[in-house]
Amino acid sequence: MTGQLPSVAEFSPDSFPAWSMLCAVSPEAVGVGTLLLNRLKSDRAITFRIGDVAMPDREIALMCCIPYDVLERALPVLIMRRFMARDDEGALYCPELYRRELRRRENARKRAERLRKAELIQQRIEAGELPAGSTLQGEANKLNAMLAGKRVPGEPEEIWRLRRALKISNADWKKLPQSRKDELHRQYILPLLSAITGGKATETDNGGQIQSGNGFENGLTSVTEEEDRIINSNLSSSQDTQPDTQSNSVSKNEMDLERINGLLRDRVKWDEETIATQQRYIRRSVRKYSVEIVLRGIETAIEDRKKSGEDLDAETFGAFKASIIRAATAKKHAGSNPSAPKQQSEAASLPGGMDQIPSDLPEARRAFAEDNAWYERNRIPLGSGIDTAFREYLEQKGRPAGLAGNGRPRPRSEVYARIYRDIAAADQAA
């Protein structure tokens, strides 16, 4: 006999009863089943085989010290109740032992996988990518927190996917009023709903409900039409040409949004699902600023990431918020004072408070600009976890202690100026 597995093409562990249910059969069958199980366990085997040859029932009876006529009566009962079974080649085996062996191998595979991941964490710690003391469970918790948490028991899958897309924890989701939840859900399931042009809205006899001329009810579609109308009016107001027809303005709006979507596909490598999820934020940014400013802000954020040596792995449109605001501020400043020199417009795009760092501290100015850009990119996606994340970021960059401050960790230019001034004085004294 060998410890090889039975030759079974398909094995379903749940289709066999637990071995403790053996007491439900006749006492004779209980004794025969116990003797068969004990013999296999003592030989560390699962199936009755000698090499590749299946043992006949007479040899099994002799090996287990069971009279052949008793085995002949009890074995059909055990097979019918599925406490014993025959594989595809006719060899007798014990499904309970086979199930235990499969479970043992699966546990060994999981242990090896955990050890492999733990080694990767240790390699990243030695390479300086992670702070000392990081653990596999801690990194898994961070990733789960960024994905808005696991699916809680009883939570609909659609709501769970909505929370993940918006990065809202389950506790924060419970605090939202029902009207806000309904609004988020509506915007999530209709991310790409475009305007439908048609006749003038009229009132019907159906309970005073408003219907558009094309027969659609004035519900979600009309809200999107109104949003597109506002966007189109904002885009056309920045031009000196006369307003075109409604169909032309809708076409231009779609073309402008496609320009932004194309940039997100090519440079940020977003897929269509991510773009559809963030479509509401893209429309809002276009409505508040303009297409040119949004495009300029995205390009600026991409270039800042390249200069700082970081990968652009943004998952939310909020990662470009700071760059878009700076681009809008620079354009507004240039429009209000056209005769201002070029250096003044460039200064408007610098982080706030940069003028408080003297020009003789270039290292402090560079570090503050880089850290402030990182903070603005990650402040919205990380939310309340930005405190710990920013301190870990400073440790990875090897920044001097005290830059995060004792309170909120937001980069402060005066703190950078003071600390780097002290470092320069200490180096000069040495």
# chains A, B, ... in the order shown; residues from 1 in each chain; ligands from 1
$ residues_around --residues "Glu129 in chain A" --least-positions-apart "3" --cutoff "12 Å" --atoms "only C-alpha atoms" --output "count of residues only"
16
$ residues_around --residues "Pro76 in chain A" --least-positions-apart "4" --cutoff "12 Å" --atoms "only C-alpha atoms" --output "ChimeraX atom specification"
/A:25,29,32-33,57,69-72,80-86,92
$ closest_residue --among "A:Leu40, A:Leu257, A:Arg296, A:Leu263" --to "Arg284 in chain A" --atoms "only C-alpha atoms"
A:Leu257
